[in-house]
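Enquirer: First the structure, then my questions, so here it is.
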Amino acid sequence: MSREWARPIPGADGVSSTYWEAGARGELLFQQCPACGNRQLYPRALCTACGETPEWVQASGRGTVHTFTIIRQNYAKPFRDELPYVVAIVELEEGPRLMSNVTGVPADEVSIGLPVEVYFEVAAEGIGVPFFRPI
Amino acid sequence: MIAGIGLSDYPKAPDLDGVQHHVLAMQRALADCGVAKADIDGYVGAGGSGVMIDDPVTMAEYLRVDHTYIDSTMTGGSSFEFHVQHAAAAIKDGLCDTVLVTYGSDQLSRMGRTLGTGGFHRAGQRIGGPIQYEAPYGNSLVGAYAMVAQRHMHEYGTTSAQLAEIAVGVREFAALNPDAMYRDPITVDDVLDSRMIADPLHKLDCCVISDGGGALIITTAERARDLAKPPAYVLGAAGAQTHWNISQMPDYTECAAARCGPIAFERAGLTPADIDTIQFYDSFTITVLMLLEGLGFCGRGEGGRFVEEGHLRRGGDLPMNTDGGGLSSCHPGMRGIFLLIESVRQLRGEAGEAQVPDARIALACGSGGWLSAIGTVILGKEHP
Ligand SMILES: [Zn+2]
């Protein structure tokens, strides 16, 4: 995906700007709670388990497909020009899950449990968006 | 209890806008039970039909309901199951006597049929809030439910044919409803042969997109006794939420029905075996399966086999969506109010050819968002 970014752009806010900026450097972050150890994505201003302020941790970038779908109909640009494509929930090896696309493999060959690794596309300055492809 | 019910026109009403759907449904609900508009002292709505005036405070002004109780709970399609729970509690607590709930949408006439796969955002648009973590990936409404179905199949061996069984059964009831959008019988193969929208969900695994509106009049047991129609008593109601956006669903094969179901049954002093008919949110076939398991009509992971056994069909022991459901009859965006209206029709014996013989206890279960916020209402024919 070396073409120009035509997708919706994440609107970096107080917490998410750290996450997207790391992405622009090629690093995938998740959050871990110093009080209770809970790990989470998406990033928030609080630990969802205990309410404390979480810390950032760099992920290995490896994970597996927890579940997925193959989108075969979407009228919205630019996605309608990319059909069919895979939307997946990826479970990182550290635990947290996130939505992404799995690319670099025919859609029909994606399955639950497929090992994947992260790569990034730059959506705008300081905003690197994670995508995944099979390891 | 629910004293009055009203539907506006569906599935397609090009001459009505969203607000007119609210109004028509209200007029019919008042006429249904004989309550005077001036007697309403509570207003409840979810808004969300896309028309600016549709927000509950504006609707209260437009309808001119001088209320002492308002609830604008918006949990998506399940809003109205939450509304009944809240209104029953408010009436019991004396905040008001007679609550009007309205809903209306001209979605089909206004927007056409692209909602489920029309994309949530425009190219290049800046997205804030939690959806910023999903918007770049081009998921669709159908895709969110499809990921639940995919995981359910992976963990439990559920098949597309089992899911299709749900659509086939609901279509059987739609054939009995002259207003239903699709009435021709379908087979499991028809569902499996229909176009794949988001694997593993086919076109016929998905609900229709329609216009429509509904209204409820909820009042005290005392007032309901003097009204035109027999009331439906709220025996137990409860709601729960596990997430909103699909990437945050804690467990892709269990929804909040597993939390609110037991509470509703406990309040009613009943178990799933006591229910005569269910009206379930059937945005997609998988939605039904998740609600069946969550509420305990079958064990976790056993939903596929359960629907294959025919319980939900006409003549089964748990007839479901006797009006033709969202899968075949009408789905204007937030279907929860129709589940309650059909439940009341069944308890009154007004369901015509689709009448479940001797229906005494009905259960309505709404799912809002992406199996996110689930509301369960158990209604009974007799005073508890
Ligand atoms: Zn914590």
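Going through the structure tokens in order, the chains are called A, B, and so on, while each chain numbers its residues from 1 and the ligands are numbered from 1 in the order shown.
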Compile a residue-level contact table for chain A against ligand 1 at a cut-off of 9 Å, reporting for every qualifying residue the shortest atom pair and its distance in Å to one decimal, with only C-alpha atoms and all ligand atoms counted, rows ordered by chain and ascending number, as a Markdown table.
Expert:
| residue | atom | partner | partner_atom_place_in_ligand_line | distance |
| --- | --- | --- | --- | --- |
| A:Gln32 | CA | ligand 1 | 1 (Zn) | 7.7 |
| A:Cys33 | CA | ligand 1 | 1 (Zn) | 4.5 |
| A:Pro34 | CA | ligand 1 | 1 (Zn) | 6.7 |
| A:Ala35 | CA | ligand 1 | 1 (Zn) | 5.1 |
| A:Cys36 | CA | ligand 1 | 1 (Zn) | 4.1 |
| A:Gly37 | CA | ligand 1 | 1 (Zn) | 5.9 |
| A:Asn38 | CA | ligand 1 | 1 (Zn) | 5.3 |
| A:Arg39 | CA | ligand 1 | 1 (Zn) | 8.2 |
| A:Leu46 | CA | ligand 1 | 1 (Zn) | 7.9 |
| A:Cys47 | CA | ligand 1 | 1 (Zn) | 4.7 |
| A:Thr48 | CA | ligand 1 | 1 (Zn) | 6.6 |
| A:Ala49 | CA | ligand 1 | 1 (Zn) | 4.9 |
| A:Cys50 | CA | ligand 1 | 1 (Zn) | 4.1 |
| A:Gly51 | CA | ligand 1 | 1 (Zn) | 5.8 |
| A:Glu52 | CA | ligand 1 | 1 (Zn) | 5.4 |
| A:Thr53 | CA | ligand 1 | 1 (Zn) | 7.5 |
| A:Pro54 | CA | ligand 1 | 1 (Zn) | 7.0 |
Enquirer: Could you write out that same residue set with N, CA and C atoms as a compact mmCIF listing (two decimals), in the first residue's frame?
Expert:
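The new file selection29.txt reads:
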# COMPACT_ATOMS: atom_id res chain seq x y z
N GLN A 32 -0.15 -0.46 29.65
CA GLN A 32 -0.13 -1.38 30.79
C GLN A 32 -0.30 -0.57 32.06
N CYS A 33 -1.05 -1.12 33.01
CA CYS A 33 -1.34 -0.40 34.25
C CYS A 33 -0.26 -0.70 35.29
N PRO A 34 0.37 0.35 35.84
CA PRO A 34 1.40 0.13 36.86
C PRO A 34 0.81 -0.40 38.17
N ALA A 35 -0.49 -0.19 38.36
CA ALA A 35 -1.12 -0.62 39.63
C ALA A 35 -1.58 -2.07 39.57
N CYS A 36 -2.24 -2.46 38.47
CA CYS A 36 -2.85 -3.80 38.46
C CYS A 36 -2.34 -4.68 37.33
N GLY A 37 -1.53 -4.12 36.44
CA GLY A 37 -0.94 -4.93 35.39
C GLY A 37 -1.80 -5.14 34.17
N ASN A 38 -3.04 -4.64 34.20
CA ASN A 38 -3.94 -4.79 33.06
C ASN A 38 -3.34 -4.18 31.78
N ARG A 39 -3.46 -4.90 30.68
CA ARG A 39 -2.96 -4.40 29.39
C ARG A 39 -4.14 -4.09 28.49
N LEU A 46 -7.27 6.15 31.25
CA LEU A 46 -7.36 5.37 32.48
C LEU A 46 -7.22 3.88 32.18
N CYS A 47 -6.84 3.13 33.21
CA CYS A 47 -6.87 1.68 33.13
C CYS A 47 -8.33 1.24 33.26
N THR A 48 -8.80 0.43 32.29
CA THR A 48 -10.22 0.05 32.33
C THR A 48 -10.50 -0.91 33.48
N ALA A 49 -9.47 -1.54 34.04
CA ALA A 49 -9.70 -2.48 35.13
C ALA A 49 -9.81 -1.77 36.47
N CYS A 50 -8.90 -0.82 36.74
CA CYS A 50 -8.87 -0.24 38.10
C CYS A 50 -8.95 1.28 38.13
N GLY A 51 -8.85 1.92 36.98
CA GLY A 51 -9.03 3.37 36.97
C GLY A 51 -7.75 4.19 37.10
N GLU A 52 -6.62 3.52 37.35
CA GLU A 52 -5.34 4.24 37.46
C GLU A 52 -4.89 4.74 36.08
N THR A 53 -3.86 5.56 36.07
CA THR A 53 -3.32 6.06 34.81
C THR A 53 -2.34 5.04 34.23
N PRO A 54 -2.60 4.55 33.02
CA PRO A 54 -1.73 3.50 32.46
C PRO A 54 -0.44 4.06 31.86
Enquirer: Taking only C-alpha atoms into account, which residues of chain A are within 8 Å of chain B, as number ranges by chain?
Expert: A: 5-13, 42, 66-79, 87-89, 97-101, 112, 129
Enquirer: Within 12 Å of B:Glu222, counting only C-alpha atoms, which residues qualify if same-chain residues fewer than 6 places away don't, as a PyMOL selection string?
Expert: chain B and resi 1+3+91-92+97-98+231+233+383
Enquirer: May I have the selected residues written with N, CA, C and O atoms, as a PDB file, in the first residue's frame?
Expert:
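Written file, out09.pdb:
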ATOM      1  N   MET B   1     -47.467  -1.086  33.138  1.00  0.00           N
ATOM      2  CA  MET B   1     -47.687  -2.039  32.049  1.00  0.00           C
ATOM      3  C   MET B   1     -47.904  -1.320  30.730  1.00  0.00           C
ATOM      4  O   MET B   1     -48.197  -0.136  30.701  1.00  0.00           O
ATOM      5  N   ALA B   3     -50.059  -0.339  27.907  1.00  0.00           N
ATOM      6  CA  ALA B   3     -51.503  -0.261  27.690  1.00  0.00           C
ATOM      7  C   ALA B   3     -51.854  -0.047  26.224  1.00  0.00           C
ATOM      8  O   ALA B   3     -52.871  -0.534  25.747  1.00  0.00           O
ATOM      9  N   ILE B  91     -42.688   4.957  36.856  1.00  0.00           N
ATOM     10  CA  ILE B  91     -44.117   4.934  37.218  1.00  0.00           C
ATOM     11  C   ILE B  91     -44.289   4.362  38.620  1.00  0.00           C
ATOM     12  O   ILE B  91     -45.027   4.887  39.448  1.00  0.00           O
ATOM     13  N   LYS B  92     -43.562   3.309  38.893  1.00  0.00           N
ATOM     14  CA  LYS B  92     -43.634   2.675  40.217  1.00  0.00           C
ATOM     15  C   LYS B  92     -43.187   3.647  41.309  1.00  0.00           C
ATOM     16  O   LYS B  92     -43.728   3.665  42.410  1.00  0.00           O
ATOM     17  N   ASP B  97     -47.359   9.148  35.660  1.00  0.00           N
ATOM     18  CA  ASP B  97     -48.379   8.085  35.595  1.00  0.00           C
ATOM     19  C   ASP B  97     -48.425   7.406  34.230  1.00  0.00           C
ATOM     20  O   ASP B  97     -48.639   6.210  34.132  1.00  0.00           O
ATOM     21  N   THR B  98     -48.289   8.230  33.179  1.00  0.00           N
ATOM     22  CA  THR B  98     -48.522   7.705  31.834  1.00  0.00           C
ATOM     23  C   THR B  98     -47.405   8.166  30.900  1.00  0.00           C
ATOM     24  O   THR B  98     -47.248   9.363  30.654  1.00  0.00           O
ATOM     25  N   PRO B 231     -54.051  -4.854  29.118  1.00  0.00           N
ATOM     26  CA  PRO B 231     -52.647  -4.447  29.178  1.00  0.00           C
ATOM     27  C   PRO B 231     -51.710  -5.656  29.156  1.00  0.00           C
ATOM     28  O   PRO B 231     -52.126  -6.775  29.410  1.00  0.00           O
ATOM     29  N   TYR B 233     -48.459  -6.805  31.122  1.00  0.00           N
ATOM     30  CA  TYR B 233     -47.744  -6.472  32.344  1.00  0.00           C
ATOM     31  C   TYR B 233     -46.239  -6.683  32.179  1.00  0.00           C
ATOM     32  O   TYR B 233     -45.807  -7.691  31.620  1.00  0.00           O
ATOM     33  N   HIS B 383     -51.902 -10.209  35.551  1.00  0.00           N
ATOM     34  CA  HIS B 383     -51.283  -9.413  36.605  1.00  0.00           C
ATOM     35  C   HIS B 383     -50.405 -10.331  37.462  1.00  0.00           C
ATOM     36  O   HIS B 383     -50.846 -11.389  37.887  1.00  0.00           O
TER      37      HIS B 383
END
Enquirer: List the neighbours of A:Val102 out to 9 Å using only C-alpha atoms; skip same-chain residues closer than 2 positions along the sequence, and give me the result as a VMD selection string.
Expert: chain A and resid 65 68 85 to 88 90 100 104 to 105 107 110 116 131 to 134
Enquirer: Go ahead and write the selection's residues with N, CA, C and O atoms as a PDB file, in the first residue's frame.
Expert:
ATOM      1  N   VAL A  65      -4.632 -13.676  14.207  1.00  0.00           N
ATOM      2  CA  VAL A  65      -5.993 -13.252  13.867  1.00  0.00           C
ATOM      3  C   VAL A  65      -6.967 -13.891  14.865  1.00  0.00           C
ATOM      4  O   VAL A  65      -7.042 -15.119  14.955  1.00  0.00           O
ATOM      5  N   PHE A  68     -12.213 -12.406  12.002  1.00  0.00           N
ATOM      6  CA  PHE A  68     -12.071 -11.567  10.803  1.00  0.00           C
ATOM      7  C   PHE A  68     -13.309 -11.705   9.944  1.00  0.00           C
ATOM      8  O   PHE A  68     -14.161 -12.578  10.156  1.00  0.00           O
ATOM      9  N   TYR A  85     -11.593  -7.212   0.790  1.00  0.00           N
ATOM     10  CA  TYR A  85     -10.454  -7.050   1.693  1.00  0.00           C
ATOM     11  C   TYR A  85     -10.818  -7.579   3.078  1.00  0.00           C
ATOM     12  O   TYR A  85     -11.995  -7.772   3.396  1.00  0.00           O
ATOM     13  N   VAL A  86      -9.784  -7.835   3.863  1.00  0.00           N
ATOM     14  CA  VAL A  86      -9.975  -8.467   5.175  1.00  0.00           C
ATOM     15  C   VAL A  86      -9.932  -7.433   6.297  1.00  0.00           C
ATOM     16  O   VAL A  86      -8.971  -6.674   6.409  1.00  0.00           O
ATOM     17  N   VAL A  87     -10.986  -7.406   7.092  1.00  0.00           N
ATOM     18  CA  VAL A  87     -10.975  -6.664   8.354  1.00  0.00           C
ATOM     19  C   VAL A  87     -10.862  -7.701   9.464  1.00  0.00           C
ATOM     20  O   VAL A  87     -11.596  -8.692   9.462  1.00  0.00           O
ATOM     21  N   ALA A  88      -9.919  -7.486  10.357  1.00  0.00           N
ATOM     22  CA  ALA A  88      -9.670  -8.498  11.395  1.00  0.00           C
ATOM     23  C   ALA A  88      -9.543  -7.856  12.765  1.00  0.00           C
ATOM     24  O   ALA A  88      -9.236  -6.675  12.896  1.00  0.00           O
ATOM     25  N   VAL A  90      -7.019  -8.400  15.587  1.00  0.00           N
ATOM     26  CA  VAL A  90      -5.722  -9.048  15.817  1.00  0.00           C
ATOM     27  C   VAL A  90      -5.442  -9.063  17.317  1.00  0.00           C
ATOM     28  O   VAL A  90      -5.592  -8.038  17.999  1.00  0.00           O
ATOM     29  N   SER A 100      -7.756  -4.200  12.519  1.00  0.00           N
ATOM     30  CA  SER A 100      -6.849  -3.802  11.450  1.00  0.00           C
ATOM     31  C   SER A 100      -7.262  -4.514  10.162  1.00  0.00           C
ATOM     32  O   SER A 100      -8.279  -5.219  10.136  1.00  0.00           O
ATOM     33  N   GLY A 104      -1.512  -8.625   2.014  1.00  0.00           N
ATOM     34  CA  GLY A 104      -0.375  -9.416   1.566  1.00  0.00           C
ATOM     35  C   GLY A 104      -0.686 -10.898   1.482  1.00  0.00           C
ATOM     36  O   GLY A 104       0.223 -11.731   1.448  1.00  0.00           O
ATOM     37  N   VAL A 105      -1.950 -11.236   1.465  1.00  0.00           N
ATOM     38  CA  VAL A 105      -2.383 -12.628   1.375  1.00  0.00           C
ATOM     39  C   VAL A 105      -3.777 -12.599   0.733  1.00  0.00           C
ATOM     40  O   VAL A 105      -4.559 -11.688   1.006  1.00  0.00           O
ATOM     41  N   ALA A 107      -7.530 -12.914   0.335  1.00  0.00           N
ATOM     42  CA  ALA A 107      -8.526 -12.839   1.417  1.00  0.00           C
ATOM     43  C   ALA A 107      -9.017 -14.227   1.813  1.00  0.00           C
ATOM     44  O   ALA A 107      -9.193 -14.519   3.001  1.00  0.00           O
ATOM     45  N   VAL A 110      -7.063 -16.223   4.581  1.00  0.00           N
ATOM     46  CA  VAL A 110      -6.969 -15.780   5.975  1.00  0.00           C
ATOM     47  C   VAL A 110      -7.837 -16.686   6.839  1.00  0.00           C
ATOM     48  O   VAL A 110      -8.924 -17.101   6.434  1.00  0.00           O
ATOM     49  N   VAL A 116       0.449 -13.054  12.368  1.00  0.00           N
ATOM     50  CA  VAL A 116       0.638 -11.841  11.563  1.00  0.00           C
ATOM     51  C   VAL A 116       1.606 -10.896  12.270  1.00  0.00           C
ATOM     52  O   VAL A 116       1.842 -11.016  13.477  1.00  0.00           O
ATOM     53  N   PHE A 131      -1.110  -1.803  10.180  1.00  0.00           N
ATOM     54  CA  PHE A 131      -1.727  -2.865   9.369  1.00  0.00           C
ATOM     55  C   PHE A 131      -0.956  -4.143   9.659  1.00  0.00           C
ATOM     56  O   PHE A 131       0.129  -4.112  10.227  1.00  0.00           O
ATOM     57  N   PHE A 132      -1.525  -5.271   9.244  1.00  0.00           N
ATOM     58  CA  PHE A 132      -0.867  -6.550   9.520  1.00  0.00           C
ATOM     59  C   PHE A 132      -0.771  -7.395   8.255  1.00  0.00           C
ATOM     60  O   PHE A 132      -1.600  -7.290   7.363  1.00  0.00           O
ATOM     61  N   ARG A 133       0.289  -8.227   8.197  1.00  0.00           N
ATOM     62  CA  ARG A 133       0.432  -9.203   7.121  1.00  0.00           C
ATOM     63  C   ARG A 133       0.967 -10.501   7.719  1.00  0.00           C
ATOM     64  O   ARG A 133       1.565 -10.483   8.808  1.00  0.00           O
ATOM     65  N   PRO A 134       0.748 -11.611   7.018  1.00  0.00           N
ATOM     66  CA  PRO A 134       1.200 -12.889   7.572  1.00  0.00           C
ATOM     67  C   PRO A 134       2.704 -12.883   7.787  1.00  0.00           C
ATOM     68  O   PRO A 134       3.457 -12.282   7.004  1.00  0.00           O
TER      69      PRO A 134
END
Enquirer: Counting only C-alpha atoms, which residue out of B:Glu266, B:Asp251, B:Asp276, B:Asp189 sits closest to B:Ser343?
Expert: B:Asp276
Enquirer: Just list as a ChimeraX atom specification whatever in chain A DSSP marks as alpha helix (DSSP H).
Expert: /A:16-24
Enquirer: Which one of A:Leu29, A:Thr64, A:Leu41, A:Thr103 sits closest to A:Glu82 if you count only C-alpha atoms?
Expert: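 Under the stated criterion, the closest residue is A:Thr103.
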